[in-house]
There are 4 protein chains.
Amino acid sequence: MRKVRTFSNDAALVNERRNHIIKIAAELIVKKGYNNISTRELATALGMSTGGLYHYIGSKSDILYLIINFTAELTGQTLDRFADELKDAQPLDQLKESLKVYFETVDYYRDFHNFVNHIMLSLTLRDRRIVYQAESRIIQFFESLLNSGIESGDFRNVDAKIVAHNIVAAANAWANRGWYLKKYYNLDKYTDEQVRLVLGQIAAPDKAAPLGLSGR
Amino acid sequence: MRKVRTFSNDAALVNERRNHIIKIAAELIVKKGYNNISTRELATALGMSTGGLYHYIGSKSDILYLIINFTAELTGQTLDRFADELKDAQPLDQLKESLKVYFETVDYYRDFHNFVNHIMLSLTLRDRRIVYQAESRIIQFFESLLNSGIESGDFRNVDAKIVAHNIVAAANAWANRGWYLKKYYNLDKYTDEQVRLVLGQIAAPDKAAPLGLSGR
Amino acid sequence: MRKVRTFSNDAALVNERRNHIIKIAAELIVKKGYNNISTRELATALGMSTGGLYHYIGSKSDILYLIINFTAELTGQTLDRFADELKDAQPLDQLKESLKVYFETVDYYRDFHNFVNHIMLSLTLRDRRIVYQAESRIIQFFESLLNSGIESGDFRNVDAKIVAHNIVAAANAWANRGWYLKKYYNLDKYTDEQVRLVLGQIAAPDKAAPLGLSGR
Amino acid sequence: MRKVRTFSNDAALVNERRNHIIKIAAELIVKKGYNNISTRELATALGMSTGGLYHYIGSKSDILYLIINFTAELTGQTLDRFADELKDAQPLDQLKESLKVYFETVDYYRDFHNFVNHIMLSLTLRDRRIVYQAESRIIQFFESLLNSGIESGDFRNVDAKIVAHNIVAAANAWANRGWYLKKYYNLDKYTDEQVRLVLGQIAAPDKAAPLGLSGR
DNA sequence: CATGAATGAGGTTTCATTCAT
DNA sequence: TATGAATGAAACCTCATTCAT
């Protein structure tokens with residue numbers, strides 16, 4: 001976590017204000033584009049004065065960093081939750097459950113995912129790396145989950161790296177291609193179909209049972 | 001094709017200059033972001049003066065339209081080529097061949113795909129629709145190709161819409177997530193793996209034969 | 001009064017700054033022409049930064065509107081003052097007194113009159129109408145004043161419309177043909193001569209006594 | 001007559017083209033304002049190319065000079081015609097006739113009068129002097145005409161300078177306040193009324209006869 | 001003589017950022 | 001801590017003028 005300038009010594013206040021900024025700014029930027037939002041406009045939307053905004057950030061582009069960083073932390077938390085909740089389940093159940101939760105998270109934070117997509121090209125290399133790492137981490141989570149299943153013989157011997165990558169791509173598609181997908185699917189249906197496809201790809205020929213947590 | 005202002009009456013010259021603009025601008029924008037390229041900078045990169053640039057466009061944002069439009073026309077041409085070349089082939093061969101060519105096209109024009117991704121939020125609704133249509137068209141191409149195979153009994157009865165969408169998502173991923181994918185794949189390998197996965201999803205249980213054009 | 005954009009909510013401040021802008025801009029424009037004054041130059045003359053100027057106006061042409069509007073309001077005030085001060089006087093005294101005051105006003109605000117003259121062709125129809133109305137109002141003031149005198153038998157039966165128009169033309173001439181008139185007249189002398197001419201035109205043959213308020 | 005650059009040696013051609021430029025440019029400028037007409041637009045209206053225009057003028061502002069100069073020459077010609085045609089007539093007839101012809105001329109060339117009015121503030125001092133001289137000359141024409149009549153006892157002893165000035169002001173008003181005057185008058189009626197007023201001012205008390213050439 | 005593509009200075013306007021209050 | 005007026009650099013765009021063809 002890089003330092004962002006503030007004139008305040010009250011860490012709790014800074015935190016509160018920044019969370020507010022992150023939420024509102026991501027929303028606005030996704031709606032109109034980063035460069036079409038002026039700091040004046042943003043401050044108004046935040047219920048602050050222009051000067052007030054600069055008490056909690058050092059520059060406009062710091063907002064990018066704060067949002068990027070927030071999104072990356074989200075990923076971390078999501079993964080930690082997965083790791084914790086699923087540590088005793090069967091590979092197949094781990095996969096199904098984590099797909100479901102992952103898609104839900106992406107849906108809930110879709111503004112942030114769209115934001116990242118839009119802003120990537122404008123980021124400094126330094127900030128871009130934060131995004132890379134977060135995305136890599138989530139791909140690797142699914143990759144190793146798949147590999148565990150392959151090793152244990154629960155899954156067929158597929159290219160875990162690409163399947164994991166496709167999972168993340170499918171989740172992102174839900175966020176930034178909603179204009180198309182929502183004409184035909186809602187989140188549940190979309191998740192179900194993607195899960196079905198993934199399971200079809202990895203199902204060990206002899207072990208059947210596609211949807212629904214086994215044993216439930 | 002909407003009208004973009006020009007001061008020239010020489011259609012061939014306008015065409016030549018605009019193609020140049022499209023190519024160079026897409027490259028620059030993908031590298032630095034639309035709002036981080038000034039018209040002066042762009043003009044210099046084009047080997048023109050600022051004034052000269054404005055002989056062939058009416059405003060900076062017209063460049064967005066020109067690129068969007070070019071990309072949409074690309075899609076159209078790609079599909080026309082597919083339709084023509086594959087009209088007599090078997091469904092499976094049609095699918096394999098079109099996947100291969102489609103991925104190649106996306107790879108070749110990856111700047112344009114990245115451009116679209118980056119700029120979407122800044123587009124007017126009118127321009128956004130051009131993108132929507134182009135993307136929809138390519139998804140529908142794969143969708144109906146899959147449906148033909150399903151009807152003829154060559155493919156298993158899958159959700160053609162989502163498989164088609166995933167194909168397009170996978171192709172786009174190659175363009176805008178290259179920072180990750182290229183660490184592990186090159187275009188050929190990536191295409192092969194994605195083709196293998198798609199075929200795995202649709203293969204009618206009794207008809208085997210995965211990769212390679214049947215009969216070749 | 002149309003809305004002109006400002007970023008300030010302090011109405012008093014906006015008013016103060018705009019009055020400053022109106023005064024200085026009219027002066028400068030009359031000296032050099034609207035299109036030969038850049039906003040940078042104007043801002044400097046105003047003791048502001050370019051950005052500061054745009055806190056109180058939305059565009060350069062808003063300045064035209066502000067000046068036009070100011071001039072129109074002047075006219076209104078002048079007429080209101082006339083109506084109030086002269087309501088009990090004799091027609092002849094009303095005319096003499098209002099001519100005197102009107103010429104004084106035009107002289108004092110001659111920059112504004114010259115401005116209007118110069119800028120008319122560049123105005124939008126909407127702004128031009130403001131000028132038309134203000135000018136019409138002052139002509140009509142003199143016209144009805146003359147008509148009252150005619151009805152009461154104090155004035156000869158002249159074409160009140162054209163005499164009123166000539167009065168306004170003579171006043172404007174003092175403002176925008178000063179280069180000629182000031183070689184031979186000062187304001188007092190010019191006013192006296194014009195008053196004498198008007199009185200000569202309207203004097204009822206039997207009622208004598210031209211210059212000087214009757215009874216003074 | 002100052003030199004204006006041309007690349008042509010064919011004096012007749014230069015003359016023809018410049019007359020065309022003067023006519024069309026005055027019209028366009030009066031309609032939209034000098035600074036709202038680009039040389040491109042002007043060239044198009046003239047049926048020339050931008051480059052072609054610059055074969056006959058040295059700079060855009062030369063057009064101002066050409067028009068100013070043309071207007072000044074008009075004045076000269078008008079006066080010469082007066083002097084010639086009226087040299088044997090009676091003072092009263094001279095005045096009536098010259099007023100009539102003068103008003104007609106101003107009406108016919110009202111675009112040029114409006115042009116001068118609009119552009120005055122943008123002129124160089126040098127060009128402004130041309131306007132001053134032309135206007136002065138016409139005022140002086142009427143002034144000396146009036147003085148002759150006064151000396152001969154045909155006219156009352158009025159301030160000839162101001163009456164002459166008012167005549168010119170009334171004529172100009174017809175050109176640049178047409179928006180008001182044309183609601184109530186046409187040229188003939190306006191001329192008649194103004195003539196009547198002037199004659200009323202100067203008529204020697206004993207010599208009657210207002211309108212109509214005496215003896216006609 | 002005619003054309004119109006090209007130039008580039010300079011115009012208007014925006015906006016991130018600062019700082020006196 | 002909060003405000004919002006002020007700054008000024010830099011953005012987009014226009015247009016008078018030139019010159020190769």
# chains A, B, ... in the order shown; residues from 1 in each chain; ligands from 1
>>> select_by_dssp(residues="range 33-71 of chain C", states="alpha helix (DSSP H)", output="PyMOL selection string")
chain C and resi 39-46+50-53+60-71
>>> interface_residues(of="chain A", to="chain B", cutoff="7 Å", atoms="only C-alpha atoms", output="ChimeraX atom specification")
/A:30-33,35,117-119,121-122,166,169-170,173,197,200-201
>>> interface_residues(of="chain E", to="chain B", cutoff="8 Å", atoms="only C-alpha atoms (C1' of nucleotides)", output="PyMOL selection string")
chain E and resi 4-8
>>> atom_distance(atom1="CA of Arg5 in chain A", atom2="CA of Gly58 in chain A")
4.7 Å
>>> closest_atom_pairs(of="chain F", to="chain A", cutoff="10 Å", atoms="only C-alpha atoms (C1' of nucleotides)", output="CSV")
residue,atom,partner,partner_atom,distance
F:DT1,C1',A:Ser8,CA,8.4
F:DA2,C1',A:Gly52,CA,6.2
F:DT3,C1',A:Ser49,CA,6.4
F:DG4,C1',A:Ser49,CA,7.2
>>> residues_around(residues="DC13 in chain F", least_positions_apart="2", cutoff="10 Å", atoms="only C-alpha atoms (C1' of nucleotides)", output="list in words")
Thr39, Thr50, Gly51, Tyr54, Gly58, Ser59 and Lys60 of chain B; DG11 and DT12 of chain E; DA11 and DC15 of chain F
>>> write_last_selection(atoms="C-alpha atoms (C1' of nucleotides)", output="mmCIF file, in the first residue's frame")
data_model
loop_
_atom_site.group_PDB
_atom_site.id
_atom_site.type_symbol
_atom_site.label_atom_id
_atom_site.label_comp_id
_atom_site.auth_asym_id
_atom_site.auth_seq_id
_atom_site.Cartn_x
_atom_site.Cartn_y
_atom_site.Cartn_z
ATOM 1 C CA THR B 39 -3.778 16.513 -30.924
ATOM 2 C CA THR B 50 -2.099 20.280 -36.207
ATOM 3 C CA GLY B 51 -3.968 22.190 -38.845
ATOM 4 C CA TYR B 54 -8.067 18.963 -38.984
ATOM 5 C CA GLY B 58 -13.772 17.561 -37.587
ATOM 6 C CA SER B 59 -12.764 16.971 -33.988
ATOM 7 C CA LYS B 60 -10.548 14.801 -31.879
ATOM 8 C "C1'" DG E 11 -7.570 32.056 -29.979
ATOM 9 C "C1'" DT E 12 -10.974 30.340 -26.486
ATOM 10 C "C1'" DA F 11 -5.942 21.376 -24.315
ATOM 11 C "C1'" DC F 15 -7.833 30.345 -40.021
#
>>> atom_distance(atom1="CA of Ala171 in chain B", atom2="CA of Phe82 in chain B")
16.1 Å
>>> residues_around(residues="range 19-22 of chain C", least_positions_apart="5", cutoff="8 Å", atoms="only C-alpha atoms (C1' of nucleotides)", output="number ranges by chain")
C: 46, 63, 66-67, 70
>>> write_last_selection(atoms="C-alpha atoms", output="PDB file, in the first residue's frame")
ATOM      1  CA  LEU C  46      -9.339  43.279 -15.593  1.00  0.00           C
ATOM      2  CA  ILE C  63     -19.605  39.574 -22.405  1.00  0.00           C
ATOM      3  CA  LEU C  66     -23.774  41.487 -20.452  1.00  0.00           C
ATOM      4  CA  ILE C  67     -22.903  44.796 -22.048  1.00  0.00           C
ATOM      5  CA  PHE C  70     -26.473  46.673 -19.162  1.00  0.00           C
TER       6      PHE C  70
END
>>> atom_distance(atom1="CA of Tyr102 in chain D", atom2="CA of Thr78 in chain D")
7.4 Å
>>> residues_around(residues="Leu187 in chain B", least_positions_apart="2", cutoff="9 Å", atoms="only C-alpha atoms (C1' of nucleotides)", output="PyMOL selection string")
chain B and resi 103-104+107+174+182+185+189-192
>>> write_last_selection(atoms="N, CA and C atoms", output="CSV table (one decimal), in the first residue's frame")
chain,number,residue,atom,x,y,z
B,103,PHE,N,-9.3,-16.0,-34.3
B,103,PHE,CA,-8.3,-15.7,-33.4
B,103,PHE,C,-7.1,-15.0,-34.1
B,104,GLU,N,-6.8,-15.5,-35.3
B,104,GLU,CA,-5.7,-14.8,-36.0
B,104,GLU,C,-6.0,-13.3,-36.3
B,107,ASP,N,-5.8,-11.3,-33.2
B,107,ASP,CA,-4.4,-11.1,-32.8
B,107,ASP,C,-3.8,-10.0,-33.7
B,174,TRP,N,-7.3,-12.7,-25.4
B,174,TRP,CA,-6.0,-12.8,-26.1
B,174,TRP,C,-5.4,-11.4,-26.4
B,182,LYS,N,0.6,-14.2,-22.6
B,182,LYS,CA,1.8,-14.4,-23.4
B,182,LYS,C,3.0,-15.0,-22.6
B,185,TYR,N,1.7,-18.8,-23.4
B,185,TYR,CA,1.2,-19.3,-24.7
B,185,TYR,C,1.7,-18.4,-25.8
B,189,LYS,N,-0.6,-21.9,-29.8
B,189,LYS,CA,-0.9,-22.8,-28.7
B,189,LYS,C,-2.2,-22.4,-28.0
B,190,TYR,N,-2.4,-21.1,-27.9
B,190,TYR,CA,-3.6,-20.6,-27.2
B,190,TYR,C,-4.8,-21.0,-28.1
B,191,THR,N,-4.7,-20.8,-29.4
B,191,THR,CA,-5.8,-21.2,-30.2
B,191,THR,C,-6.1,-22.7,-30.1
B,192,ASP,N,-5.1,-23.5,-30.2
B,192,ASP,CA,-5.3,-24.9,-30.1
B,192,ASP,C,-6.0,-25.3,-28.8
>>> residues_around(residues="Asp84 in chain D", least_positions_apart="6", cutoff="12 Å", atoms="only C-alpha atoms (C1' of nucleotides)", output="PyMOL selection string")
chain D and resi 77-78+94+98
>>> write_last_selection(atoms="N, CA and C atoms", output="PDB file, in the first residue's frame")
ATOM      1  N   GLN D  77     -18.178  60.594 -56.130  1.00  0.00           N
ATOM      2  CA  GLN D  77     -18.952  60.617 -57.364  1.00  0.00           C
ATOM      3  C   GLN D  77     -20.312  61.266 -57.150  1.00  0.00           C
ATOM      4  N   THR D  78     -20.937  60.914 -56.043  1.00  0.00           N
ATOM      5  CA  THR D  78     -22.250  61.492 -55.742  1.00  0.00           C
ATOM      6  C   THR D  78     -22.152  63.013 -55.701  1.00  0.00           C
ATOM      7  N   GLN D  94     -31.817  73.118 -55.240  1.00  0.00           N
ATOM      8  CA  GLN D  94     -30.552  72.380 -55.056  1.00  0.00           C
ATOM      9  C   GLN D  94     -30.652  71.482 -53.830  1.00  0.00           C
ATOM     10  N   SER D  98     -30.773  67.463 -54.056  1.00  0.00           N
ATOM     11  CA  SER D  98     -29.605  66.709 -53.575  1.00  0.00           C
ATOM     12  C   SER D  98     -29.988  65.812 -52.403  1.00  0.00           C
TER      13      SER D  98
END
>>> residues_around(residues="Ala134 in chain D", least_positions_apart="5", cutoff="10 Å", atoms="only C-alpha atoms (C1' of nucleotides)", output="mmCIF file with N, CA and C atoms, in the first residue's frame")
data_model
loop_
_atom_site.group_PDB
_atom_site.id
_atom_site.type_symbol
_atom_site.label_atom_id
_atom_site.label_comp_id
_atom_site.auth_asym_id
_atom_site.auth_seq_id
_atom_site.Cartn_x
_atom_site.Cartn_y
_atom_site.Cartn_z
ATOM 1 N N ILE D 68 -13.900 50.265 -47.942
ATOM 2 C CA ILE D 68 -13.869 51.635 -47.436
ATOM 3 C C ILE D 68 -13.623 52.620 -48.575
ATOM 4 N N ASN D 69 -12.628 52.252 -49.356
ATOM 5 C CA ASN D 69 -12.211 53.113 -50.437
ATOM 6 C C ASN D 69 -13.295 53.250 -51.491
ATOM 7 N N THR D 71 -16.452 52.942 -50.968
ATOM 8 C CA THR D 71 -17.518 53.761 -50.391
ATOM 9 C C THR D 71 -17.146 55.247 -50.456
ATOM 10 N N ALA D 72 -15.875 55.506 -50.167
ATOM 11 C CA ALA D 72 -15.431 56.901 -50.217
ATOM 12 C C ALA D 72 -15.522 57.447 -51.635
ATOM 13 N N GLU D 73 -15.164 56.624 -52.605
ATOM 14 C CA GLU D 73 -15.245 57.075 -53.999
ATOM 15 C C GLU D 73 -16.685 57.311 -54.420
ATOM 16 N N LEU D 74 -17.556 56.458 -53.929
ATOM 17 C CA LEU D 74 -18.987 56.655 -54.158
ATOM 18 C C LEU D 74 -19.396 58.063 -53.752
ATOM 19 N N THR D 75 -18.986 58.403 -52.541
ATOM 20 C CA THR D 75 -19.314 59.726 -52.018
ATOM 21 C C THR D 75 -18.831 60.805 -52.964
ATOM 22 N N GLY D 76 -17.589 60.643 -53.374
ATOM 23 C CA GLY D 76 -17.004 61.617 -54.299
ATOM 24 C C GLY D 76 -17.848 61.743 -55.555
ATOM 25 N N ARG D 129 -9.256 57.290 -41.350
ATOM 26 C CA ARG D 129 -9.200 58.646 -41.893
ATOM 27 C C ARG D 129 -9.895 58.750 -43.230
ATOM 28 N N ILE D 139 -20.769 66.098 -45.528
ATOM 29 C CA ILE D 139 -21.355 67.086 -44.614
ATOM 30 C C ILE D 139 -21.063 68.498 -45.133
ATOM 31 N N GLN D 140 -19.819 68.682 -45.531
ATOM 32 C CA GLN D 140 -19.447 70.008 -46.016
ATOM 33 C C GLN D 140 -20.209 70.413 -47.269
#
